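Please read the structure below before turning to the comments.
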Amino acid sequence: MKSIRIICLSLLVVLSFSACQQQTQLKKVHFVGAAQGTYYAITYFDVSSRDFQPEIDSILRAFDQSVSIYQPNSIVSKINRNENAELDDWFIDNFNLSQKIAQETEGSLDITIAPIANVWGFGTFTKPDSVNHALIDSLKQYVDYQKVRIINRQLIKENEHIQLNYNAVAQGFAVDVLSDFLKSKGVDIHLIDLGGEIYACGHKPNGDQWKIGIEIPEDGAEERFYNKIVSIENEAVATSGNYRKFYALDGVKYAHSLNPRTGYPVKHSLLSTTVIAPKSGEADAYATAFMVMGVDKTLEFTKQHPEINVYLMFDEGGEIKTAMSEGFSKYLSDGIE
C-alpha cells in the first residue's frame, strides 16, 4: 500500500508540474478593431499566440448581414421592407431572446420599436426636424412585440408596417458569438469588449479575475472616470445610459432610451444601468429594459431574478446617487488594471 501511495503522489506532482508548465506557456494576445459603428477590443491567452482577428472580423461582418438595421441587404432590413427572407440562426436566436425579456419586463424591451426609434433619430433615420403627438400616436399601433412571431423560419407580422430593431440586444449577442468562436478554438481565457458590451471567460493565468470599471455618467466628458470596479469571470457586463446618447431639439435634450408603451424618451431620474448576467446578449437587453423601468421596478425585478444583478446611478437633486441589487456587492473590487 505504501508503494501505491508513493506512485500516486509522484503522479500528482508530475500532473501539477505539467499544469503549471502549461500555464506559464500561455501567451497574451491583444488586438482592437472597428465593427458595428464602434470599437472592439479582445484579449486572450493562447499557447501558440494564434491571431484570430481576421476570423473575428469575418464573423462580425456576417453577423451584421443577419441582424443589423444599418446593412441594407441584411435579413432584418429585408424583413422591414416586407421582402421574402429566410431567417438564419442568429436572427432567430436574437428574436427569441428579445421576446423572452420583453415578456419578463412587460414590454419595457420591444424589438418592434423601430418606427418610433426612427422618427426620434435613434434608428436608420437622421435627426428629425420635429416630433409631435399625432405622429407618435400614429406609429404606436405598430409597436407591440406580441404582434410578431416566427413560424417555420419565417417572420410573421400582424401588420406590414411593423419593423424590427435589434439594437438593444444584437451587440451583446455578437459578443457571445465571438466568445463561442474562441472557445471552439480552445481559447478558454479571454475578455471581449464590443462597444462596452463585455464578456469575461475564465480567469487570468495568474488566477486573478477580470476587472471592469463602471463609468460615472457625465455629459460630454472627454476623460472617463469610474464609480466602481467589478471583478468577474464567466459572466457578462453591459451598461446602458442616457448621458452620452442623446440630442437636443428646440432646447430640449432627448435621451435615447425610448419607452415602447408611450413612444417617448423616458423622463425619470435614472442615468445608467450596469447589468451583470450569464451572457452578454442578456446583459445588453436587460440594461436597456431597466433604463425604461426605472430604479424601483428594476430593483424589484432583480429580487425575482437573482441571476441578474444590477448597479444603478440616478440623479437626485442634482447629485448622483447609486443603488444595487442584493447580489451585486459580491462583484465589487478595489482597483483596476
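In the C-alpha cells, chains take the letters A, B, ... in the order shown, each chain's residues start at 1, and ligands count up from 1 in the order shown.
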Would you please give, as a PyMOL selection string, all residues of region 27-276 of chain A that DSSP assigns to strand (DSSP E or B) based on the backbone? chain A and resi 27-35+38-46+148-151+154-157+190-194+197-201+210-215+226-232+235-241+246-249+252-255+258+265+270-276
If you count only C-alpha atoms, which residues fall within 6 Å of Ile229 (chain A), apart from same-chain ones fewer than 5 positions away, as a PyMOL selection string? chain A and resi 212-213+332-333
Filtering to N, CA, C and O atoms, could you give me those residues as a PDB file, in the first residue's frame?
ATOM      1  N   ILE A 212     -13.494  45.259 -14.351  1.00  0.00           N
ATOM      2  CA  ILE A 212     -14.216  46.138 -15.271  1.00  0.00           C
ATOM      3  C   ILE A 212     -14.669  47.387 -14.526  1.00  0.00           C
ATOM      4  O   ILE A 212     -15.196  47.294 -13.415  1.00  0.00           O
ATOM      5  N   GLY A 213     -14.470  48.549 -15.115  1.00  0.00           N
ATOM      6  CA  GLY A 213     -14.877  49.800 -14.483  1.00  0.00           C
ATOM      7  C   GLY A 213     -16.294  50.200 -14.865  1.00  0.00           C
ATOM      8  O   GLY A 213     -16.713  50.028 -16.004  1.00  0.00           O
ATOM      9  N   LEU A 332     -17.929  43.656  -6.335  1.00  0.00           N
ATOM     10  CA  LEU A 332     -17.186  44.900  -6.159  1.00  0.00           C
ATOM     11  C   LEU A 332     -15.733  44.636  -5.814  1.00  0.00           C
ATOM     12  O   LEU A 332     -15.405  43.758  -5.015  1.00  0.00           O
ATOM     13  N   SER A 333     -14.862  45.437  -6.435  1.00  0.00           N
ATOM     14  CA  SER A 333     -13.424  45.283  -6.275  1.00  0.00           C
ATOM     15  C   SER A 333     -12.822  46.620  -5.906  1.00  0.00           C
ATOM     16  O   SER A 333     -13.477  47.664  -5.980  1.00  0.00           O
TER      17      SER A 333
END
So which residues touch Pro217 (chain A) within 8 Å, counting only C-alpha atoms, skipping near sequence neighbours fewer than 3 positions away, as a PyMOL selection string? chain A and resi 241+243+271-272+313
Can you list, as a PyMOL selection string, every protein, DNA or RNA residue that comes within 12 Å of His190 (chain A) when you count only C-alpha atoms, leaving out same-chain residues fewer than 6 positions away? chain A and resi 26-31+41-46+175-176+178-183+198-205+209-210+232-236
Hey, which of A:Asp315, A:Asp208, A:Glu83, A:Asp144 ends up closest to Glu158 (chain A)? Count only C-alpha atoms.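 Of the candidates, the smallest distance to Glu158 (chain A) is held by A:Asp144.
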Looking only at alpha helix (DSSP H) from DSSP on the backbone, list the matching residues of region 57-210 of chain A as a PDB file with N, CA, C and O atoms, in the first residue's frame.
ATOM      1  N   ASP A  57     -13.174  39.473 -37.548  1.00  0.00           N
ATOM      2  CA  ASP A  57     -13.745  40.469 -38.467  1.00  0.00           C
ATOM      3  C   ASP A  57     -14.755  39.830 -39.417  1.00  0.00           C
ATOM      4  O   ASP A  57     -15.809  40.409 -39.708  1.00  0.00           O
ATOM      5  N   SER A  58     -14.437  38.640 -39.899  1.00  0.00           N
ATOM      6  CA  SER A  58     -15.344  37.935 -40.815  1.00  0.00           C
ATOM      7  C   SER A  58     -16.656  37.576 -40.121  1.00  0.00           C
ATOM      8  O   SER A  58     -17.738  37.733 -40.698  1.00  0.00           O
ATOM      9  N   ILE A  59     -16.575  37.117 -38.893  1.00  0.00           N
ATOM     10  CA  ILE A  59     -17.781  36.757 -38.138  1.00  0.00           C
ATOM     11  C   ILE A  59     -18.658  37.980 -37.918  1.00  0.00           C
ATOM     12  O   ILE A  59     -19.892  37.932 -38.088  1.00  0.00           O
ATOM     13  N   LEU A  60     -18.050  39.091 -37.555  1.00  0.00           N
ATOM     14  CA  LEU A  60     -18.823  40.307 -37.295  1.00  0.00           C
ATOM     15  C   LEU A  60     -19.508  40.820 -38.561  1.00  0.00           C
ATOM     16  O   LEU A  60     -20.651  41.292 -38.522  1.00  0.00           O
ATOM     17  N   ARG A  61     -18.817  40.723 -39.694  1.00  0.00           N
ATOM     18  CA  ARG A  61     -19.445  41.149 -40.960  1.00  0.00           C
ATOM     19  C   ARG A  61     -20.633  40.248 -41.295  1.00  0.00           C
ATOM     20  O   ARG A  61     -21.696  40.732 -41.719  1.00  0.00           O
ATOM     21  N   ALA A  62     -20.467  38.962 -41.100  1.00  0.00           N
ATOM     22  CA  ALA A  62     -21.559  38.029 -41.375  1.00  0.00           C
ATOM     23  C   ALA A  62     -22.722  38.246 -40.419  1.00  0.00           C
ATOM     24  O   ALA A  62     -23.895  38.180 -40.815  1.00  0.00           O
ATOM     25  N   PHE A  63     -22.408  38.511 -39.166  1.00  0.00           N
ATOM     26  CA  PHE A  63     -23.444  38.765 -38.158  1.00  0.00           C
ATOM     27  C   PHE A  63     -24.279  39.985 -38.539  1.00  0.00           C
ATOM     28  O   PHE A  63     -25.514  39.973 -38.421  1.00  0.00           O
ATOM     29  N   ASP A  64     -23.613  41.037 -39.008  1.00  0.00           N
ATOM     30  CA  ASP A  64     -24.330  42.245 -39.423  1.00  0.00           C
ATOM     31  C   ASP A  64     -25.289  41.967 -40.579  1.00  0.00           C
ATOM     32  O   ASP A  64     -26.334  42.611 -40.694  1.00  0.00           O
ATOM     33  N   GLN A  65     -24.949  41.029 -41.434  1.00  0.00           N
ATOM     34  CA  GLN A  65     -25.823  40.699 -42.555  1.00  0.00           C
ATOM     35  C   GLN A  65     -27.076  39.950 -42.102  1.00  0.00           C
ATOM     36  O   GLN A  65     -27.984  39.728 -42.902  1.00  0.00           O
ATOM     37  N   SER A  66     -27.118  39.617 -40.842  1.00  0.00           N
ATOM     38  CA  SER A  66     -28.314  38.982 -40.289  1.00  0.00           C
ATOM     39  C   SER A  66     -29.195  39.993 -39.564  1.00  0.00           C
ATOM     40  O   SER A  66     -30.368  40.124 -39.878  1.00  0.00           O
ATOM     41  N   VAL A  67     -28.633  40.744 -38.608  1.00  0.00           N
ATOM     42  CA  VAL A  67     -29.486  41.496 -37.682  1.00  0.00           C
ATOM     43  C   VAL A  67     -29.226  42.999 -37.638  1.00  0.00           C
ATOM     44  O   VAL A  67     -29.846  43.704 -36.835  1.00  0.00           O
ATOM     45  N   ILE A  75     -30.830  40.511 -43.282  1.00  0.00           N
ATOM     46  CA  ILE A  75     -32.125  39.839 -43.161  1.00  0.00           C
ATOM     47  C   ILE A  75     -33.143  40.754 -42.507  1.00  0.00           C
ATOM     48  O   ILE A  75     -34.284  40.872 -42.974  1.00  0.00           O
ATOM     49  N   VAL A  76     -32.748  41.448 -41.440  1.00  0.00           N
ATOM     50  CA  VAL A  76     -33.710  42.301 -40.751  1.00  0.00           C
ATOM     51  C   VAL A  76     -34.145  43.470 -41.631  1.00  0.00           C
ATOM     52  O   VAL A  76     -35.317  43.884 -41.595  1.00  0.00           O
ATOM     53  N   SER A  77     -33.238  43.997 -42.449  1.00  0.00           N
ATOM     54  CA  SER A  77     -33.619  45.092 -43.360  1.00  0.00           C
ATOM     55  C   SER A  77     -34.618  44.607 -44.409  1.00  0.00           C
ATOM     56  O   SER A  77     -35.577  45.317 -44.758  1.00  0.00           O
ATOM     57  N   LYS A  78     -34.414  43.413 -44.917  1.00  0.00           N
ATOM     58  CA  LYS A  78     -35.356  42.839 -45.868  1.00  0.00           C
ATOM     59  C   LYS A  78     -36.715  42.603 -45.213  1.00  0.00           C
ATOM     60  O   LYS A  78     -37.769  42.865 -45.821  1.00  0.00           O
ATOM     61  N   ILE A  79     -36.685  42.102 -43.991  1.00  0.00           N
ATOM     62  CA  ILE A  79     -37.934  41.890 -43.251  1.00  0.00           C
ATOM     63  C   ILE A  79     -38.677  43.210 -43.078  1.00  0.00           C
ATOM     64  O   ILE A  79     -39.901  43.286 -43.246  1.00  0.00           O
ATOM     65  N   ASN A  80     -37.942  44.263 -42.754  1.00  0.00           N
ATOM     66  CA  ASN A  80     -38.569  45.566 -42.548  1.00  0.00           C
ATOM     67  C   ASN A  80     -39.148  46.144 -43.829  1.00  0.00           C
ATOM     68  O   ASN A  80     -40.062  46.974 -43.784  1.00  0.00           O
ATOM     69  N   ASP A  89     -29.963  31.308 -38.028  1.00  0.00           N
ATOM     70  CA  ASP A  89     -29.970  31.011 -36.595  1.00  0.00           C
ATOM     71  C   ASP A  89     -29.725  32.258 -35.754  1.00  0.00           C
ATOM     72  O   ASP A  89     -30.316  32.406 -34.676  1.00  0.00           O
ATOM     73  N   TRP A  90     -28.835  33.141 -36.207  1.00  0.00           N
ATOM     74  CA  TRP A  90     -28.565  34.360 -35.446  1.00  0.00           C
ATOM     75  C   TRP A  90     -29.822  35.208 -35.325  1.00  0.00           C
ATOM     76  O   TRP A  90     -30.123  35.724 -34.240  1.00  0.00           O
ATOM     77  N   PHE A  91     -30.539  35.383 -36.413  1.00  0.00           N
ATOM     78  CA  PHE A  91     -31.768  36.169 -36.382  1.00  0.00           C
ATOM     79  C   PHE A  91     -32.762  35.547 -35.412  1.00  0.00           C
ATOM     80  O   PHE A  91     -33.356  36.237 -34.570  1.00  0.00           O
ATOM     81  N   ILE A  92     -32.951  34.248 -35.505  1.00  0.00           N
ATOM     82  CA  ILE A  92     -33.934  33.558 -34.665  1.00  0.00           C
ATOM     83  C   ILE A  92     -33.526  33.614 -33.191  1.00  0.00           C
ATOM     84  O   ILE A  92     -34.373  33.862 -32.317  1.00  0.00           O
ATOM     85  N   ASP A  93     -32.251  33.414 -32.909  1.00  0.00           N
ATOM     86  CA  ASP A  93     -31.801  33.448 -31.517  1.00  0.00           C
ATOM     87  C   ASP A  93     -31.956  34.840 -30.915  1.00  0.00           C
ATOM     88  O   ASP A  93     -32.340  34.994 -29.745  1.00  0.00           O
ATOM     89  N   ASN A  94     -31.637  35.885 -31.686  1.00  0.00           N
ATOM     90  CA  ASN A  94     -31.833  37.257 -31.209  1.00  0.00           C
ATOM     91  C   ASN A  94     -33.312  37.538 -30.971  1.00  0.00           C
ATOM     92  O   ASN A  94     -33.689  38.179 -29.990  1.00  0.00           O
ATOM     93  N   PHE A  95     -34.136  37.045 -31.872  1.00  0.00           N
ATOM     94  CA  PHE A  95     -35.584  37.223 -31.750  1.00  0.00           C
ATOM     95  C   PHE A  95     -36.098  36.549 -30.481  1.00  0.00           C
ATOM     96  O   PHE A  95     -36.825  37.162 -29.681  1.00  0.00           O
ATOM     97  N   ASN A  96     -35.725  35.303 -30.277  1.00  0.00           N
ATOM     98  CA  ASN A  96     -36.225  34.552 -29.118  1.00  0.00           C
ATOM     99  C   ASN A  96     -35.770  35.170 -27.803  1.00  0.00           C
ATOM    100  O   ASN A  96     -36.545  35.263 -26.842  1.00  0.00           O
ATOM    101  N   LEU A  97     -34.509  35.592 -27.746  1.00  0.00           N
ATOM    102  CA  LEU A  97     -34.013  36.234 -26.531  1.00  0.00           C
ATOM    103  C   LEU A  97     -34.758  37.539 -26.268  1.00  0.00           C
ATOM    104  O   LEU A  97     -35.167  37.823 -25.127  1.00  0.00           O
ATOM    105  N   SER A  98     -34.947  38.338 -27.304  1.00  0.00           N
ATOM    106  CA  SER A  98     -35.649  39.609 -27.155  1.00  0.00           C
ATOM    107  C   SER A  98     -37.086  39.404 -26.685  1.00  0.00           C
ATOM    108  O   SER A  98     -37.576  40.127 -25.801  1.00  0.00           O
ATOM    109  N   GLN A  99     -37.762  38.427 -27.256  1.00  0.00           N
ATOM    110  CA  GLN A  99     -39.152  38.167 -26.879  1.00  0.00           C
ATOM    111  C   GLN A  99     -39.245  37.665 -25.439  1.00  0.00           C
ATOM    112  O   GLN A  99     -40.187  38.010 -24.708  1.00  0.00           O
ATOM    113  N   LYS A 100     -38.292  36.867 -25.031  1.00  0.00           N
ATOM    114  CA  LYS A 100     -38.268  36.368 -23.646  1.00  0.00           C
ATOM    115  C   LYS A 100     -38.158  37.522 -22.662  1.00  0.00           C
ATOM    116  O   LYS A 100     -38.921  37.604 -21.678  1.00  0.00           O
ATOM    117  N   ILE A 101     -37.223  38.426 -22.915  1.00  0.00           N
ATOM    118  CA  ILE A 101     -37.012  39.541 -21.995  1.00  0.00           C
ATOM    119  C   ILE A 101     -38.148  40.552 -22.099  1.00  0.00           C
ATOM    120  O   ILE A 101     -38.520  41.186 -21.106  1.00  0.00           O
ATOM    121  N   ALA A 102     -38.742  40.689 -23.275  1.00  0.00           N
ATOM    122  CA  ALA A 102     -39.919  41.553 -23.417  1.00  0.00           C
ATOM    123  C   ALA A 102     -41.056  41.073 -22.522  1.00  0.00           C
ATOM    124  O   ALA A 102     -41.718  41.863 -21.840  1.00  0.00           O
ATOM    125  N   GLN A 103     -41.281  39.770 -22.509  1.00  0.00           N
ATOM    126  CA  GLN A 103     -42.327  39.209 -21.658  1.00  0.00           C
ATOM    127  C   GLN A 103     -42.008  39.407 -20.185  1.00  0.00           C
ATOM    128  O   GLN A 103     -42.875  39.778 -19.389  1.00  0.00           O
ATOM    129  N   GLU A 104     -40.757  39.159 -19.805  1.00  0.00           N
ATOM    130  CA  GLU A 104     -40.358  39.287 -18.398  1.00  0.00           C
ATOM    131  C   GLU A 104     -40.471  40.721 -17.895  1.00  0.00           C
ATOM    132  O   GLU A 104     -40.798  40.944 -16.719  1.00  0.00           O
ATOM    133  N   ALA A 114     -38.863  49.946 -33.826  1.00  0.00           N
ATOM    134  CA  ALA A 114     -38.170  50.563 -34.965  1.00  0.00           C
ATOM    135  C   ALA A 114     -38.855  51.812 -35.534  1.00  0.00           C
ATOM    136  O   ALA A 114     -38.187  52.831 -35.739  1.00  0.00           O
ATOM    137  N   PRO A 115     -40.166  51.799 -35.831  1.00  0.00           N
ATOM    138  CA  PRO A 115     -40.767  53.004 -36.424  1.00  0.00           C
ATOM    139  C   PRO A 115     -40.629  54.244 -35.549  1.00  0.00           C
ATOM    140  O   PRO A 115     -40.358  55.342 -36.050  1.00  0.00           O
ATOM    141  N   ILE A 116     -40.786  54.064 -34.239  1.00  0.00           N
ATOM    142  CA  ILE A 116     -40.676  55.204 -33.333  1.00  0.00           C
ATOM    143  C   ILE A 116     -39.217  55.584 -33.112  1.00  0.00           C
ATOM    144  O   ILE A 116     -38.876  56.772 -33.046  1.00  0.00           O
ATOM    145  N   ALA A 117     -38.334  54.602 -33.020  1.00  0.00           N
ATOM    146  CA  ALA A 117     -36.906  54.901 -32.882  1.00  0.00           C
ATOM    147  C   ALA A 117     -36.412  55.706 -34.081  1.00  0.00           C
ATOM    148  O   ALA A 117     -35.583  56.614 -33.943  1.00  0.00           O
ATOM    149  N   ASN A 118     -36.931  55.398 -35.255  1.00  0.00           N
ATOM    150  CA  ASN A 118     -36.522  56.114 -36.458  1.00  0.00           C
ATOM    151  C   ASN A 118     -36.905  57.591 -36.402  1.00  0.00           C
ATOM    152  O   ASN A 118     -36.076  58.460 -36.703  1.00  0.00           O
ATOM    153  N   VAL A 119     -38.134  57.894 -36.034  1.00  0.00           N
ATOM    154  CA  VAL A 119     -38.556  59.300 -36.054  1.00  0.00           C
ATOM    155  C   VAL A 119     -37.879  60.115 -34.959  1.00  0.00           C
ATOM    156  O   VAL A 119     -37.736  61.336 -35.089  1.00  0.00           O
ATOM    157  N   HIS A 133     -47.258  64.830 -31.129  1.00  0.00           N
ATOM    158  CA  HIS A 133     -48.116  63.793 -30.560  1.00  0.00           C
ATOM    159  C   HIS A 133     -48.845  63.000 -31.644  1.00  0.00           C
ATOM    160  O   HIS A 133     -48.989  61.777 -31.535  1.00  0.00           O
ATOM    161  N   ALA A 134     -49.292  63.675 -32.672  1.00  0.00           N
ATOM    162  CA  ALA A 134     -50.047  62.990 -33.729  1.00  0.00           C
ATOM    163  C   ALA A 134     -49.175  61.947 -34.429  1.00  0.00           C
ATOM    164  O   ALA A 134     -49.636  60.834 -34.727  1.00  0.00           O
ATOM    165  N   LEU A 135     -47.923  62.314 -34.677  1.00  0.00           N
ATOM    166  CA  LEU A 135     -47.007  61.378 -35.343  1.00  0.00           C
ATOM    167  C   LEU A 135     -46.741  60.163 -34.462  1.00  0.00           C
ATOM    168  O   LEU A 135     -46.804  59.016 -34.929  1.00  0.00           O
ATOM    169  N   ILE A 136     -46.440  60.398 -33.199  1.00  0.00           N
ATOM    170  CA  ILE A 136     -46.171  59.287 -32.287  1.00  0.00           C
ATOM    171  C   ILE A 136     -47.399  58.397 -32.144  1.00  0.00           C
ATOM    172  O   ILE A 136     -47.307  57.164 -32.190  1.00  0.00           O
ATOM    173  N   ASP A 137     -48.569  58.995 -31.984  1.00  0.00           N
ATOM    174  CA  ASP A 137     -49.803  58.215 -31.848  1.00  0.00           C
ATOM    175  C   ASP A 137     -50.077  57.368 -33.081  1.00  0.00           C
ATOM    176  O   ASP A 137     -50.591  56.242 -32.976  1.00  0.00           O
ATOM    177  N   SER A 138     -49.718  57.877 -34.242  1.00  0.00           N
ATOM    178  CA  SER A 138     -49.960  57.122 -35.473  1.00  0.00           C
ATOM    179  C   SER A 138     -49.041  55.916 -35.602  1.00  0.00           C
ATOM    180  O   SER A 138     -49.364  54.943 -36.292  1.00  0.00           O
ATOM    181  N   LEU A 139     -47.896  55.977 -34.938  1.00  0.00           N
ATOM    182  CA  LEU A 139     -46.913  54.893 -35.030  1.00  0.00           C
ATOM    183  C   LEU A 139     -47.035  53.869 -33.907  1.00  0.00           C
ATOM    184  O   LEU A 139     -46.601  52.726 -34.065  1.00  0.00           O
ATOM    185  N   LYS A 140     -47.604  54.259 -32.785  1.00  0.00           N
ATOM    186  CA  LYS A 140     -47.682  53.352 -31.627  1.00  0.00           C
ATOM    187  C   LYS A 140     -48.446  52.065 -31.941  1.00  0.00           C
ATOM    188  O   LYS A 140     -48.185  51.022 -31.342  1.00  0.00           O
ATOM    189  N   ALA A 170     -28.454  43.026 -30.100  1.00  0.00           N
ATOM    190  CA  ALA A 170     -27.550  42.425 -31.091  1.00  0.00           C
ATOM    191  C   ALA A 170     -26.075  42.598 -30.744  1.00  0.00           C
ATOM    192  O   ALA A 170     -25.275  41.671 -30.933  1.00  0.00           O
ATOM    193  N   GLN A 171     -25.702  43.767 -30.239  1.00  0.00           N
ATOM    194  CA  GLN A 171     -24.284  43.983 -29.956  1.00  0.00           C
ATOM    195  C   GLN A 171     -23.808  43.054 -28.844  1.00  0.00           C
ATOM    196  O   GLN A 171     -22.725  42.456 -28.935  1.00  0.00           O
ATOM    197  N   GLY A 172     -24.608  42.928 -27.800  1.00  0.00           N
ATOM    198  CA  GLY A 172     -24.260  41.992 -26.741  1.00  0.00           C
ATOM    199  C   GLY A 172     -24.252  40.564 -27.236  1.00  0.00           C
ATOM    200  O   GLY A 172     -23.365  39.768 -26.877  1.00  0.00           O
ATOM    201  N   PHE A 173     -25.219  40.222 -28.070  1.00  0.00           N
ATOM    202  CA  PHE A 173     -25.290  38.863 -28.606  1.00  0.00           C
ATOM    203  C   PHE A 173     -24.066  38.563 -29.468  1.00  0.00           C
ATOM    204  O   PHE A 173     -23.548  37.442 -29.462  1.00  0.00           O
ATOM    205  N   ALA A 174     -23.583  39.569 -30.201  1.00  0.00           N
ATOM    206  CA  ALA A 174     -22.381  39.377 -31.022  1.00  0.00           C
ATOM    207  C   ALA A 174     -21.176  39.014 -30.157  1.00  0.00           C
ATOM    208  O   ALA A 174     -20.319  38.220 -30.570  1.00  0.00           O
ATOM    209  N   VAL A 175     -21.105  39.572 -28.954  1.00  0.00           N
ATOM    210  CA  VAL A 175     -20.022  39.222 -28.031  1.00  0.00           C
ATOM    211  C   VAL A 175     -20.091  37.743 -27.678  1.00  0.00           C
ATOM    212  O   VAL A 175     -19.072  37.044 -27.641  1.00  0.00           O
ATOM    213  N   ASP A 176     -21.303  37.244 -27.430  1.00  0.00           N
ATOM    214  CA  ASP A 176     -21.463  35.818 -27.133  1.00  0.00           C
ATOM    215  C   ASP A 176     -21.035  34.951 -28.314  1.00  0.00           C
ATOM    216  O   ASP A 176     -20.439  33.887 -28.137  1.00  0.00           O
ATOM    217  N   VAL A 177     -21.334  35.412 -29.523  1.00  0.00           N
ATOM    218  CA  VAL A 177     -20.932  34.674 -30.726  1.00  0.00           C
ATOM    219  C   VAL A 177     -19.408  34.599 -30.816  1.00  0.00           C
ATOM    220  O   VAL A 177     -18.838  33.534 -31.100  1.00  0.00           O
ATOM    221  N   LEU A 178     -18.741  35.718 -30.546  1.00  0.00           N
ATOM    222  CA  LEU A 178     -17.280  35.728 -30.603  1.00  0.00           C
ATOM    223  C   LEU A 178     -16.677  34.854 -29.506  1.00  0.00           C
ATOM    224  O   LEU A 178     -15.669  34.165 -29.734  1.00  0.00           O
ATOM    225  N   SER A 179     -17.289  34.881 -28.336  1.00  0.00           N
ATOM    226  CA  SER A 179     -16.795  34.032 -27.249  1.00  0.00           C
ATOM    227  C   SER A 179     -16.917  32.554 -27.606  1.00  0.00           C
ATOM    228  O   SER A 179     -15.996  31.767 -27.369  1.00  0.00           O
ATOM    229  N   ASP A 180     -18.052  32.185 -28.196  1.00  0.00           N
ATOM    230  CA  ASP A 180     -18.230  30.787 -28.617  1.00  0.00           C
ATOM    231  C   ASP A 180     -17.185  30.385 -29.653  1.00  0.00           C
ATOM    232  O   ASP A 180     -16.687  29.248 -29.647  1.00  0.00           O
ATOM    233  N   PHE A 181     -16.854  31.324 -30.532  1.00  0.00           N
ATOM    234  CA  PHE A 181     -15.824  31.042 -31.541  1.00  0.00           C
ATOM    235  C   PHE A 181     -14.476  30.769 -30.878  1.00  0.00           C
ATOM    236  O   PHE A 181     -13.796  29.784 -31.198  1.00  0.00           O
ATOM    237  N   LEU A 182     -14.073  31.641 -29.950  1.00  0.00           N
ATOM    238  CA  LEU A 182     -12.780  31.453 -29.277  1.00  0.00           C
ATOM    239  C   LEU A 182     -12.763  30.145 -28.480  1.00  0.00           C
ATOM    240  O   LEU A 182     -11.752  29.433 -28.472  1.00  0.00           O
ATOM    241  N   LYS A 183     -13.858  29.828 -27.834  1.00  0.00           N
ATOM    242  CA  LYS A 183     -13.923  28.557 -27.090  1.00  0.00           C
ATOM    243  C   LYS A 183     -13.758  27.368 -28.035  1.00  0.00           C
ATOM    244  O   LYS A 183     -13.127  26.364 -27.691  1.00  0.00           O
ATOM    245  N   SER A 184     -14.345  27.483 -29.241  1.00  0.00           N
ATOM    246  CA  SER A 184     -14.232  26.385 -30.209  1.00  0.00           C
ATOM    247  C   SER A 184     -12.797  26.172 -30.661  1.00  0.00           C
ATOM    248  O   SER A 184     -12.443  25.093 -31.146  1.00  0.00           O
TER     249      SER A 184
END
Between CA of Thr239 (chain A) and CA of Ile111 (chain A), what is the distance in Å, rounded to a tenth?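 For CA of Thr239 (chain A) relative to CA of Ile111 (chain A), the distance reads 18.5 Å.
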Which one of A:Thr273, A:Thr262, A:Ser240, A:Ser231 sits closest to Ser329 (chain A) if you count only C-alpha atoms?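 With only C-alpha atoms as the atom set, the closest residue is A:Ser231.
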As an exercise, work out the distance from CA of Lys228 (chain A) to CA of Ile214 (chain A) in Å and give it to one decimal place. 5.3 Å
Go through A:Ile192, A:Val187, A:Leu270, A:Val169 and flag the residue nearest Tyr286 (chain A), using only C-alpha atoms for the distances. A:Val169
